[in-house]
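One file, input.pdb, carrying PDB, C-alpha atoms:
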```pdb
ATOM      1  CA  MET A   1     -18.825   2.445   0.434
ATOM      2  CA  THR A   2     -19.282   0.980   3.889
ATOM      3  CA  GLU A   3     -22.066   2.368   6.062
ATOM      4  CA  PRO A   4     -20.664   3.375   9.467
ATOM      5  CA  PRO A   5     -22.121   1.462  12.424
ATOM      6  CA  ASP A   6     -24.930   3.230  14.249
ATOM      7  CA  ALA A   7     -25.018   5.987  11.629
ATOM      8  CA  PRO A   8     -27.838   8.324  12.738
ATOM      9  CA  ARG A   9     -29.967  10.376  10.468
ATOM     10  CA  GLU A  10     -28.412  13.498   9.058
ATOM     11  CA  GLN A  11     -29.086  16.675  11.010
ATOM     12  CA  THR A  12     -28.769  20.365  10.200
ATOM     13  CA  LEU A  13     -27.557  23.473  11.982
ATOM     14  CA  GLN A  14     -28.348  27.024  10.971
ATOM     15  CA  VAL A  15     -25.267  29.288  11.139
ATOM     16  CA  GLY A  16     -26.320  32.773  10.098
ATOM     17  CA  ASP A  17     -27.761  32.435   6.605
ATOM     18  CA  VAL A  18     -26.120  29.052   6.013
ATOM     19  CA  THR A  19     -27.650  25.645   6.734
ATOM     20  CA  LEU A  20     -24.991  23.014   7.453
ATOM     21  CA  ALA A  21     -25.751  19.312   7.075
ATOM     22  CA  TYR A  22     -23.877  17.096   9.532
ATOM     23  CA  ARG A  23     -23.797  13.655  11.164
ATOM     24  CA  LEU A  24     -22.356  12.165  14.338
ATOM     25  CA  LEU A  25     -20.893   8.728  13.642
ATOM     26  CA  GLY A  26     -19.421   6.004  15.823
ATOM     27  CA  HIS A  27     -19.952   5.120  19.455
ATOM     28  CA  GLY A  28     -16.507   5.832  20.899
ATOM     29  CA  THR A  29     -15.801   8.616  23.363
ATOM     30  CA  ARG A  30     -12.928  10.529  21.746
ATOM     31  CA  PRO A  31     -14.213  13.521  19.703
ATOM     32  CA  LEU A  32     -12.945  13.703  16.115
ATOM     33  CA  VAL A  33     -13.906  16.318  13.505
ATOM     34  CA  CYS A  34     -13.337  15.361   9.858
ATOM     35  CA  ILE A  35     -13.341  17.939   7.028
ATOM     36  CA  HIS A  36     -13.652  16.867   3.387
ATOM     37  CA  GLY A  37     -12.156  18.348   0.224
ATOM     38  CA  VAL A  38     -13.378  20.655  -2.523
ATOM     39  CA  GLY A  39     -16.233  19.296  -4.623
ATOM     40  CA  SER A  40     -16.703  16.409  -2.187
ATOM     41  CA  TYR A  41     -19.128  15.728   0.681
ATOM     42  CA  GLN A  42     -19.178  14.293   4.173
ATOM     43  CA  GLU A  43     -19.771  10.724   2.955
ATOM     44  CA  ALA A  44     -16.193  10.761   1.642
ATOM     45  CA  TRP A  45     -15.212   9.909   5.244
ATOM     46  CA  ASP A  46     -17.589   6.935   5.590
ATOM     47  CA  ASP A  47     -15.064   4.171   4.894
ATOM     48  CA  VAL A  48     -12.570   5.652   7.368
ATOM     49  CA  ALA A  49     -15.272   6.450   9.943
ATOM     50  CA  ALA A  50     -16.595   2.891   9.865
ATOM     51  CA  LEU A  51     -13.155   1.624  10.841
ATOM     52  CA  LEU A  52     -12.824   4.174  13.677
ATOM     53  CA  ALA A  53     -16.344   3.848  15.053
ATOM     54  CA  ASP A  54     -15.375   1.848  18.157
ATOM     55  CA  ASP A  55     -12.914   4.463  19.387
ATOM     56  CA  PHE A  56     -14.246   7.823  18.250
ATOM     57  CA  ARG A  57     -17.338   9.987  18.172
ATOM     58  CA  ILE A  58     -16.957  11.472  14.704
ATOM     59  CA  LEU A  59     -18.430  14.717  13.384
ATOM     60  CA  THR A  60     -18.632  14.914   9.592
ATOM     61  CA  PHE A  61     -20.379  17.664   7.672
ATOM     62  CA  ASP A  62     -20.895  19.117   4.210
ATOM     63  CA  LEU A  63     -18.933  22.306   3.669
ATOM     64  CA  ARG A  64     -21.000  25.318   2.651
ATOM     65  CA  GLY A  65     -21.711  25.053  -1.074
ATOM     66  CA  HIS A  66     -21.372  21.250  -0.958
ATOM     67  CA  GLY A  67     -23.613  18.219  -0.510
ATOM     68  CA  ARG A  68     -26.786  19.043   1.363
ATOM     69  CA  SER A  69     -25.494  22.221   3.007
ATOM     70  CA  SER A  70     -26.586  25.589   1.615
ATOM     71  CA  ARG A  71     -25.434  26.332  -1.930
ATOM     72  CA  VAL A  72     -24.004  29.696  -0.981
ATOM     73  CA  LYS A  73     -23.235  31.908  -3.978
ATOM     74  CA  GLY A  74     -20.388  34.392  -4.179
ATOM     75  CA  ARG A  75     -16.873  34.486  -2.795
ATOM     76  CA  TYR A  76     -15.803  32.087  -0.027
ATOM     77  CA  GLU A  77     -13.042  32.785   2.475
ATOM     78  CA  ILE A  78     -11.223  30.125   4.456
ATOM     79  CA  ASP A  79     -12.350  31.708   7.725
ATOM     80  CA  ASP A  80     -15.962  31.074   6.645
ATOM     81  CA  PHE A  81     -15.180  27.355   6.632
ATOM     82  CA  VAL A  82     -13.336  27.586   9.963
ATOM     83  CA  ALA A  83     -16.278  29.378  11.596
ATOM     84  CA  ASP A  84     -18.688  26.740  10.276
ATOM     85  CA  ALA A  85     -16.548  23.901  11.685
ATOM     86  CA  LEU A  86     -16.296  25.538  15.100
ATOM     87  CA  ALA A  87     -20.028  26.287  15.201
ATOM     88  CA  LEU A  88     -20.781  22.623  14.564
ATOM     89  CA  ALA A  89     -18.209  21.478  17.150
ATOM     90  CA  ASP A  90     -19.788  23.800  19.716
ATOM     91  CA  HIS A  91     -23.270  22.590  18.801
ATOM     92  CA  VAL A  92     -22.431  18.917  19.387
ATOM     93  CA  GLY A  93     -20.471  19.633  22.568
ATOM     94  CA  PHE A  94     -16.906  19.116  21.314
ATOM     95  CA  THR A  95     -15.041  21.601  23.543
ATOM     96  CA  THR A  96     -11.690  20.142  22.486
ATOM     97  CA  PHE A  97     -11.254  17.562  19.760
ATOM     98  CA  ASP A  98      -8.958  15.819  17.318
ATOM     99  CA  LEU A  99      -9.122  17.247  13.809
ATOM    100  CA  ALA A 100      -8.514  15.569  10.453
ATOM    101  CA  GLY A 101      -8.651  17.521   7.207
ATOM    102  CA  PHE A 102      -8.348  16.208   3.658
ATOM    103  CA  SER A 103      -7.124  18.435   0.779
ATOM    104  CA  LEU A 104      -9.084  21.725   1.126
ATOM    105  CA  GLY A 105     -10.159  20.325   4.496
ATOM    106  CA  GLY A 106      -6.472  20.133   5.386
ATOM    107  CA  LEU A 107      -6.063  23.830   4.627
ATOM    108  CA  ILE A 108      -9.094  24.578   6.805
ATOM    109  CA  ALA A 109      -7.528  22.404   9.518
ATOM    110  CA  GLN A 110      -4.232  24.317   9.261
ATOM    111  CA  ARG A 111      -6.057  27.617   9.645
ATOM    112  CA  LEU A 112      -8.047  26.305  12.608
ATOM    113  CA  ALA A 113      -4.878  25.017  14.269
ATOM    114  CA  LEU A 114      -3.183  28.401  13.790
ATOM    115  CA  SER A 115      -6.131  30.523  14.920
ATOM    116  CA  HIS A 116      -7.734  28.326  17.627
ATOM    117  CA  PRO A 117      -5.003  26.003  18.927
ATOM    118  CA  ALA A 118      -6.635  25.590  22.350
ATOM    119  CA  ARG A 119      -9.563  23.748  20.727
ATOM    120  CA  LEU A 120      -7.420  20.956  19.283
ATOM    121  CA  ARG A 121      -5.790  17.912  20.844
ATOM    122  CA  ARG A 122      -4.208  16.340  17.781
ATOM    123  CA  LEU A 123      -4.132  17.296  14.109
ATOM    124  CA  ALA A 124      -4.058  15.161  10.945
ATOM    125  CA  LEU A 125      -3.263  16.810   7.602
ATOM    126  CA  LEU A 126      -4.197  14.417   4.800
ATOM    127  CA  ALA A 127      -3.260  14.989   1.147
ATOM    128  CA  THR A 128      -3.125  18.733   1.627
ATOM    129  CA  VAL A 129      -0.876  21.602   0.569
ATOM    130  CA  SER A 130       1.610  24.045   2.035
ATOM    131  CA  GLY A 131       4.666  25.855   0.699
ATOM    132  CA  ARG A 132       3.839  25.565  -3.011
ATOM    133  CA  THR A 133       6.637  26.396  -5.434
ATOM    134  CA  LYS A 134       6.134  28.964  -8.191
ATOM    135  CA  GLU A 135       5.457  26.179 -10.700
ATOM    136  CA  GLU A 136       2.986  24.468  -8.375
ATOM    137  CA  ARG A 137       1.122  27.748  -7.865
ATOM    138  CA  GLU A 138       0.960  28.302 -11.615
ATOM    139  CA  ARG A 139      -0.469  24.823 -12.242
ATOM    140  CA  VAL A 140      -3.247  25.092  -9.670
ATOM    141  CA  LEU A 141      -4.123  28.635 -10.788
ATOM    142  CA  ALA A 142      -4.360  27.376 -14.377
ATOM    143  CA  ARG A 143      -6.874  24.753 -13.228
ATOM    144  CA  LEU A 144      -8.785  27.461 -11.368
ATOM    145  CA  ALA A 145      -8.896  29.624 -14.499
ATOM    146  CA  ALA A 146     -10.239  26.676 -16.499
ATOM    147  CA  LEU A 147     -12.946  26.108 -13.894
ATOM    148  CA  GLN A 148     -13.895  29.766 -13.822
ATOM    149  CA  GLY A 149     -13.969  29.690 -17.634
ATOM    150  CA  GLY A 150     -16.561  26.912 -17.635
ATOM    151  CA  GLU A 151     -14.382  23.868 -18.410
ATOM    152  CA  ARG A 152     -15.834  21.908 -15.517
ATOM    153  CA  GLY A 153     -16.412  18.532 -17.122
ATOM    154  CA  ALA A 154     -12.911  18.426 -18.582
ATOM    155  CA  HIS A 155     -11.522  19.407 -15.180
ATOM    156  CA  TYR A 156     -13.233  16.466 -13.494
ATOM    157  CA  ASP A 157     -12.221  13.924 -16.148
ATOM    158  CA  ALA A 158      -8.597  15.036 -15.877
ATOM    159  CA  SER A 159      -8.840  14.898 -12.088
ATOM    160  CA  LEU A 160      -9.819  11.211 -12.005
ATOM    161  CA  SER A 161      -6.335  10.198 -13.142
ATOM    162  CA  ARG A 162      -4.798  12.451 -10.484
ATOM    163  CA  TRP A 163      -7.053  11.067  -7.751
ATOM    164  CA  LEU A 164      -7.174   7.289  -8.240
ATOM    165  CA  THR A 165      -4.901   4.668  -9.751
ATOM    166  CA  GLU A 166      -5.907   2.959 -12.997
ATOM    167  CA  ASP A 167      -5.962  -0.360 -11.144
ATOM    168  CA  PHE A 168      -8.525   0.942  -8.632
ATOM    169  CA  GLN A 169     -10.633   2.466 -11.400
ATOM    170  CA  ALA A 170     -10.629  -0.825 -13.324
ATOM    171  CA  LYS A 171     -11.518  -2.928 -10.265
ATOM    172  CA  HIS A 172     -14.249  -0.620  -8.912
ATOM    173  CA  PRO A 173     -16.289   0.670 -11.876
ATOM    174  CA  GLU A 174     -19.386   1.064  -9.676
ATOM    175  CA  ARG A 175     -17.454   3.344  -7.326
ATOM    176  CA  ILE A 176     -16.255   5.461 -10.261
ATOM    177  CA  THR A 177     -19.837   5.712 -11.520
ATOM    178  CA  TYR A 178     -20.942   6.824  -8.050
ATOM    179  CA  LEU A 179     -18.175   9.436  -7.840
ATOM    180  CA  ARG A 180     -19.113  10.789 -11.264
ATOM    181  CA  GLU A 181     -22.769  10.991 -10.245
ATOM    182  CA  ARG A 182     -21.907  12.858  -7.058
ATOM    183  CA  ASN A 183     -19.659  15.254  -8.941
ATOM    184  CA  ALA A 184     -22.476  15.979 -11.392
ATOM    185  CA  GLN A 185     -24.613  17.080  -8.440
ATOM    186  CA  ASN A 186     -22.150  19.841  -7.526
ATOM    187  CA  ASP A 187     -23.188  23.417  -8.150
ATOM    188  CA  PRO A 188     -20.602  24.702 -10.680
ATOM    189  CA  ASP A 189     -20.374  28.170  -9.135
ATOM    190  CA  CYS A 190     -20.026  26.838  -5.581
ATOM    191  CA  TYR A 191     -17.381  24.376  -6.757
ATOM    192  CA  ALA A 192     -15.384  27.154  -8.400
ATOM    193  CA  SER A 193     -15.726  29.375  -5.316
ATOM    194  CA  ALA A 194     -14.385  26.626  -3.049
ATOM    195  CA  TYR A 195     -11.641  25.724  -5.508
ATOM    196  CA  ARG A 196     -10.459  29.344  -5.468
ATOM    197  CA  VAL A 197      -9.826  29.002  -1.729
ATOM    198  CA  LEU A 198      -7.825  25.819  -2.356
ATOM    199  CA  ALA A 199      -5.859  27.379  -5.199
ATOM    200  CA  GLU A 200      -5.057  30.717  -3.569
ATOM    201  CA  THR A 201      -4.495  29.704   0.064
ATOM    202  CA  ASP A 202      -1.069  28.710   1.377
ATOM    203  CA  PHE A 203       0.075  28.795   5.003
ATOM    204  CA  GLY A 204       3.644  27.839   4.192
ATOM    205  CA  GLY A 205       4.978  30.984   5.842
ATOM    206  CA  PHE A 206       3.131  30.277   9.095
ATOM    207  CA  ILE A 207       2.889  26.517   9.413
ATOM    208  CA  ASP A 208       5.917  26.340  11.710
ATOM    209  CA  GLN A 209       3.700  28.039  14.314
ATOM    210  CA  ILE A 210       1.610  24.864  14.660
ATOM    211  CA  ARG A 211       2.685  23.407  17.995
ATOM    212  CA  MET A 212       0.301  20.496  18.564
ATOM    213  CA  PRO A 213       1.048  16.841  17.695
ATOM    214  CA  THR A 214       0.512  16.545  13.943
ATOM    215  CA  LEU A 215       0.237  13.628  11.530
ATOM    216  CA  ILE A 216       0.956  14.355   7.860
ATOM    217  CA  VAL A 217      -0.094  11.808   5.218
ATOM    218  CA  THR A 218      -0.101  11.884   1.427
ATOM    219  CA  GLY A 219       0.165   9.523  -1.517
ATOM    220  CA  GLU A 220       3.507   8.787  -3.115
ATOM    221  CA  ASP A 221       2.085   9.733  -6.532
ATOM    222  CA  ASP A 222      -0.165  12.614  -5.462
ATOM    223  CA  GLN A 223       0.611  15.399  -7.932
ATOM    224  CA  GLY A 224      -1.204  18.283  -6.284
ATOM    225  CA  SER A 225      -0.592  17.476  -2.594
ATOM    226  CA  ASN A 226       2.768  15.962  -3.327
ATOM    227  CA  PRO A 227       5.375  14.356  -1.033
ATOM    228  CA  ARG A 228       7.660  17.397  -1.338
ATOM    229  CA  MET A 229       4.995  19.562   0.321
ATOM    230  CA  ALA A 230       4.313  16.869   2.922
ATOM    231  CA  ARG A 231       8.009  16.791   3.797
ATOM    232  CA  PHE A 232       8.035  20.597   3.960
ATOM    233  CA  MET A 233       5.204  20.518   6.508
ATOM    234  CA  HIS A 234       6.959  17.781   8.459
ATOM    235  CA  GLU A 235      10.174  19.817   8.606
ATOM    236  CA  CYS A 236       8.288  22.932   9.742
ATOM    237  CA  ILE A 237       6.047  21.367  12.407
ATOM    238  CA  VAL A 238       8.221  20.294  15.311
ATOM    239  CA  GLY A 239       7.658  16.691  16.377
ATOM    240  CA  SER A 240       5.287  15.883  13.519
ATOM    241  CA  ARG A 241       4.920  12.429  12.005
ATOM    242  CA  LEU A 242       5.108  11.905   8.232
ATOM    243  CA  GLU A 243       3.673   9.004   6.263
ATOM    244  CA  ILE A 244       3.927   8.659   2.464
ATOM    245  CA  LEU A 245       1.606   5.926   1.158
ATOM    246  CA  PRO A 246       3.326   3.919  -1.612
ATOM    247  CA  GLY A 247       1.596   3.918  -4.986
ATOM    248  CA  MET A 248      -1.299   6.116  -3.853
ATOM    249  CA  ARG A 249      -2.506   9.243  -5.595
ATOM    250  CA  HIS A 250      -4.765  11.944  -4.120
ATOM    251  CA  SER A 251      -7.929  10.126  -3.013
ATOM    252  CA  ILE A 252      -6.483   8.252  -0.061
ATOM    253  CA  LEU A 253      -9.825   8.359   1.795
ATOM    254  CA  VAL A 254     -11.223   6.177  -0.994
ATOM    255  CA  GLU A 255      -8.334   3.984  -2.121
ATOM    256  CA  ALA A 256      -6.424   3.694   1.168
ATOM    257  CA  ALA A 257      -9.167   3.954   3.797
ATOM    258  CA  THR A 258      -7.815   1.051   5.854
ATOM    259  CA  GLN A 259      -4.309   2.529   5.961
ATOM    260  CA  VAL A 260      -5.584   6.014   6.783
ATOM    261  CA  ALA A 261      -7.877   4.731   9.554
ATOM    262  CA  GLY A 262      -5.046   2.700  11.056
ATOM    263  CA  LEU A 263      -2.716   5.697  11.081
ATOM    264  CA  LEU A 264      -5.378   7.931  12.623
ATOM    265  CA  ARG A 265      -6.254   5.418  15.333
ATOM    266  CA  GLU A 266      -2.620   4.878  16.307
ATOM    267  CA  PHE A 267      -1.710   8.565  16.190
ATOM    268  CA  MET A 268      -4.759   9.918  17.982
ATOM    269  CA  ALA A 269      -4.290   7.423  20.815
ATOM    270  CA  GLY A 270      -1.561   9.599  22.351
ATOM    271  CA  GLU A 271      -2.220  12.055  25.141
ATOM    272  CA  PRO A 272      -2.726  15.739  24.160
ATOM    273  CA  GLY A 273       0.755  16.855  25.217
ATOM    274  CA  GLU A 274       2.618  13.774  24.011
ATOM    275  CA  SER A 275       4.714  14.192  20.874
ATOM    276  CA  PRO A 276       4.620  11.601  18.073
ATOM    277  CA  ARG A 277       8.199  10.613  18.892
ATOM    278  CA  GLU A 278       7.301   9.996  22.557
ATOM    279  CA  GLN A 279       4.315   7.985  21.346
ATOM    280  CA  GLY A 280       6.581   5.839  19.196
ATOM    281  CA  GLY A 281       5.752   7.486  15.852
ATOM    282  CA  LYS A 282       8.209   7.512  12.972
ATOM    283  CA  GLY A 283       9.101  11.183  13.293
ATOM    284  CA  GLY A 284      11.257  11.555  10.211
ATOM    285  CA  ALA A 285       9.763   8.687   8.218
ATOM    286  CA  ALA A 286       9.057   9.207   4.556
TER
END
```
As structure tokens:
Amino acid sequence: MTEPPDAPREQTLQVGDVTLAYRLLGHGTRPLVCIHGVGSYQEAWDDVAALLADDFRILTFDLRGHGRSSRVKGRYEIDDFVADALALADHVGFTTFDLAGFSLGGLIAQRLALSHPARLRRLALLATVSGRTKEERERVLARLAALQGGERGAHYDASLSRWLTEDFQAKHPERITYLRERNAQNDPDCYASAYRVLAETDFGGFIDQIRMPTLIVTGEDDQGSNPRMARFMHECIVGSRLEILPGMRHSILVEAATQVAGLLREFMAGEPGESPREQGGKGGAA
């Protein structure tokens, strides 16, 4: 994993009873907030952030229950995550900002875009979900039930094949070891609480109310955040741009960091009111 240039020491912010660990990366001037996925941590953005450091001032943070933020016990709601993100943005002086969310972070980003649209300039929804079918809901709820029943190790081992290609796993054994070590540091109860939000949240009935320029990206072979859902979001969000990354599975921040950073840099370069089509984006690309 590449260390972002000028990466400062990690800082913390107290929000009510929760301590949030965060960093400001890069030396650009355009504010960008990046939200990671369930069971992950802010360093998941490091490879992408390193490639964006010249253009953006990037806020990354550990969600409550994750990384070095407070291991909050009990039930989580998506608005808890939204409030944490906004508190951090306020704290670092990001009045308006670009927002990128991955997986659960993409759900948090959808909710933030729907509830606080005036705060956002441009939105990137990466490997996230919306408009699940009945079968897709049943599959993710079955995984949630297994987690809540204590089958956490089996859940992670099965997830590796959904997240990363066999070729990447074979070529980067040290990265796989690192990911396993980080996963082992997760608090099982916090992980399950966050996964419940991922499994039970779906803004498919509201996502057409998102009006800001939006980039939607997922992997061609992502099973959970699949291309069908990405196309659904693209069809619902007027003027959005869709990119399906060939051969990629879920963990595009890890396996396709260069592609993701390039898409973010190009997309975020537009003016706040400029649509992706006006900017020269692919509009209906798949």
May I have the protein, DNA and RNA residues with any atom at most 8 Å from the point (2.3, 11.2, 5.2), counting all atoms listed in the file, written as a PDB file with C-alpha atoms, keeping the file's coordinate frame?
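What ended up in result-v9.pdb:
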```
ATOM      1  CA  LEU A 126      -4.197  14.417   4.800  1.00  0.00           C
ATOM      2  CA  ALA A 127      -3.260  14.989   1.147  1.00  0.00           C
ATOM      3  CA  LEU A 215       0.237  13.628  11.530  1.00  0.00           C
ATOM      4  CA  ILE A 216       0.956  14.355   7.860  1.00  0.00           C
ATOM      5  CA  VAL A 217      -0.094  11.808   5.218  1.00  0.00           C
ATOM      6  CA  THR A 218      -0.101  11.884   1.427  1.00  0.00           C
ATOM      7  CA  GLY A 219       0.165   9.523  -1.517  1.00  0.00           C
ATOM      8  CA  PRO A 227       5.375  14.356  -1.033  1.00  0.00           C
ATOM      9  CA  ALA A 230       4.313  16.869   2.922  1.00  0.00           C
ATOM     10  CA  ARG A 241       4.920  12.429  12.005  1.00  0.00           C
ATOM     11  CA  LEU A 242       5.108  11.905   8.232  1.00  0.00           C
ATOM     12  CA  GLU A 243       3.673   9.004   6.263  1.00  0.00           C
ATOM     13  CA  ILE A 244       3.927   8.659   2.464  1.00  0.00           C
ATOM     14  CA  LEU A 245       1.606   5.926   1.158  1.00  0.00           C
ATOM     15  CA  ALA A 286       9.057   9.207   4.556  1.00  0.00           C
TER      16      ALA A 286
END
```
Using only C-alpha atoms, find the one residue out of A:Gln209, A:Ser40, A:Thr165, A:Ser225 that sits nearest to Leu114 of chain A.
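Ranked by minimum distance to Leu114 of chain A, first place goes to A:Gln209.
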Any chance you could work out the residue set of the PyMOL selection byres ((chain A and resi 30) around 12) here, as a count of residues only?
31
If you count only C-alpha atoms, which residues fall within 12 Å of Glu138 of chain A, apart from same-chain ones fewer than 5 positions away, as a tab-separated table (two decimals) with C-alpha atoms, keeping the file's coordinate frame?
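Contents of around-v9.tsv, freshly written:
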```
chain	number	residue	atom	x	y	z
A	132	ARG	CA	3.84	25.56	-3.01
A	133	THR	CA	6.64	26.40	-5.43
A	143	ARG	CA	-6.87	24.75	-13.23
A	144	LEU	CA	-8.78	27.46	-11.37
A	145	ALA	CA	-8.90	29.62	-14.50
A	199	ALA	CA	-5.86	27.38	-5.20
A	200	GLU	CA	-5.06	30.72	-3.57
A	224	GLY	CA	-1.20	18.28	-6.28
```
Name the closest residue to Ala49 of chain A among the candidates A:Ala257, A:Ile207, A:Ala170, A:Val92; distances are taken between atoms, counting all atoms listed in the file.
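Among A:Ala257, A:Ile207, A:Ala170, A:Val92, it is A:Ala257 that comes nearest to Ala49 of chain A.
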To verify the selection step, state as a PyMOL selection string which residues the PyMOL selection byres ((chain A and resi 15) around 12) yields on this input.
chain A and resi 12-14+16-21+64+69-70+80-81+83-88+90-91
With only C-alpha atoms as the basis for distance, which of A:Arg180, A:Arg162, A:Arg196, A:Arg119 is at the shortest distance from Gln148 of chain A?
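Using only C-alpha atoms, Gln148 of chain A sits closest to A:Arg196.
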What separation in Å, quoted to one decimal, exists between atom CA of Ile210 of chain A and atom CA of Val82 of chain A?
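Answer for the atom CA of Ile210 of chain A to atom CA of Val82 of chain A separation: 15.9 Å.
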Using all atoms listed in the file, which residue out of A:Leu147, A:Leu179, A:Leu107, A:Ala142 lies closest to Tyr41 of chain A?
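Going through A:Leu147, A:Leu179, A:Leu107, A:Ala142 one by one, the smallest distance to Tyr41 of chain A is for A:Leu179.
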Interatomic distance, atom CA of Ile108 of chain A to atom CA of Leu63 of chain A (Å, one decimal):
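Answer for the atom CA of Ile108 of chain A to atom CA of Leu63 of chain A separation: 10.6 Å.
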Suppose you want the space between atom CA of Thr214 of chain A and atom CA of Ala100 of chain A; what is it in Å?
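Going from atom CA of Thr214 of chain A over to atom CA of Ala100 of chain A, I get 9.7 Å.
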When you count only C-alpha atoms, which of these residues is closest to Gly101 of chain A: A:Tyr178, A:Tyr76, A:Phe61, A:Tyr22?
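Of the candidates, the smallest distance to Gly101 of chain A is held by A:Phe61.
Distance annotation: of A:Leu198, A:Leu125, A:Val260, A:Leu253, the residue with the minimal separation from Gly39 of chain A is A:Leu198; atom set is all atoms listed in the file.
Under the PyMOL selection byres ((chain A and resi 237) around 7), the matching residues in the shown file are Ile207, Asp208, Ile210, Arg211, Met233, His234, Glu235, Cys236, Val238, Gly239 and Ser240 of chain A.
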Keeping C-alpha atoms, export the residues of the selection given above as a JSON list (two decimals), in the coordinates of the input.
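Generated file (selection_25.json):
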```
[["chain", "number", "residue", "atom", "x", "y", "z"],
["A", 207, "ILE", "CA", 2.89, 26.52, 9.41],
["A", 208, "ASP", "CA", 5.92, 26.34, 11.71],
["A", 210, "ILE", "CA", 1.61, 24.86, 14.66],
["A", 211, "ARG", "CA", 2.68, 23.41, 18.00],
["A", 233, "MET", "CA", 5.20, 20.52, 6.51],
["A", 234, "HIS", "CA", 6.96, 17.78, 8.46],
["A", 235, "GLU", "CA", 10.17, 19.82, 8.61],
["A", 236, "CYS", "CA", 8.29, 22.93, 9.74],
["A", 238, "VAL", "CA", 8.22, 20.29, 15.31],
["A", 239, "GLY", "CA", 7.66, 16.69, 16.38],
["A", 240, "SER", "CA", 5.29, 15.88, 13.52]]
```
At a cut-off of 9 Å from (-1.9, 12.0, -8.4) in the coordinates of the file, what residues are picked up using all atoms listed in the file, written as a PDB file with C-alpha atoms, in the coordinates of the input?
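Here's the written file selection38.pdb:
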```pdb
ATOM      1  CA  SER A 159      -8.840  14.898 -12.088  1.00  0.00           C
ATOM      2  CA  LEU A 160      -9.819  11.211 -12.005  1.00  0.00           C
ATOM      3  CA  SER A 161      -6.335  10.198 -13.142  1.00  0.00           C
ATOM      4  CA  ARG A 162      -4.798  12.451 -10.484  1.00  0.00           C
ATOM      5  CA  TRP A 163      -7.053  11.067  -7.751  1.00  0.00           C
ATOM      6  CA  LEU A 164      -7.174   7.289  -8.240  1.00  0.00           C
ATOM      7  CA  THR A 165      -4.901   4.668  -9.751  1.00  0.00           C
ATOM      8  CA  GLY A 219       0.165   9.523  -1.517  1.00  0.00           C
ATOM      9  CA  GLU A 220       3.507   8.787  -3.115  1.00  0.00           C
ATOM     10  CA  ASP A 221       2.085   9.733  -6.532  1.00  0.00           C
ATOM     11  CA  ASP A 222      -0.165  12.614  -5.462  1.00  0.00           C
ATOM     12  CA  GLN A 223       0.611  15.399  -7.932  1.00  0.00           C
ATOM     13  CA  GLY A 224      -1.204  18.283  -6.284  1.00  0.00           C
ATOM     14  CA  SER A 225      -0.592  17.476  -2.594  1.00  0.00           C
ATOM     15  CA  ASN A 226       2.768  15.962  -3.327  1.00  0.00           C
ATOM     16  CA  MET A 248      -1.299   6.116  -3.853  1.00  0.00           C
ATOM     17  CA  ARG A 249      -2.506   9.243  -5.595  1.00  0.00           C
ATOM     18  CA  HIS A 250      -4.765  11.944  -4.120  1.00  0.00           C
ATOM     19  CA  SER A 251      -7.929  10.126  -3.013  1.00  0.00           C
TER      20      SER A 251
END
```
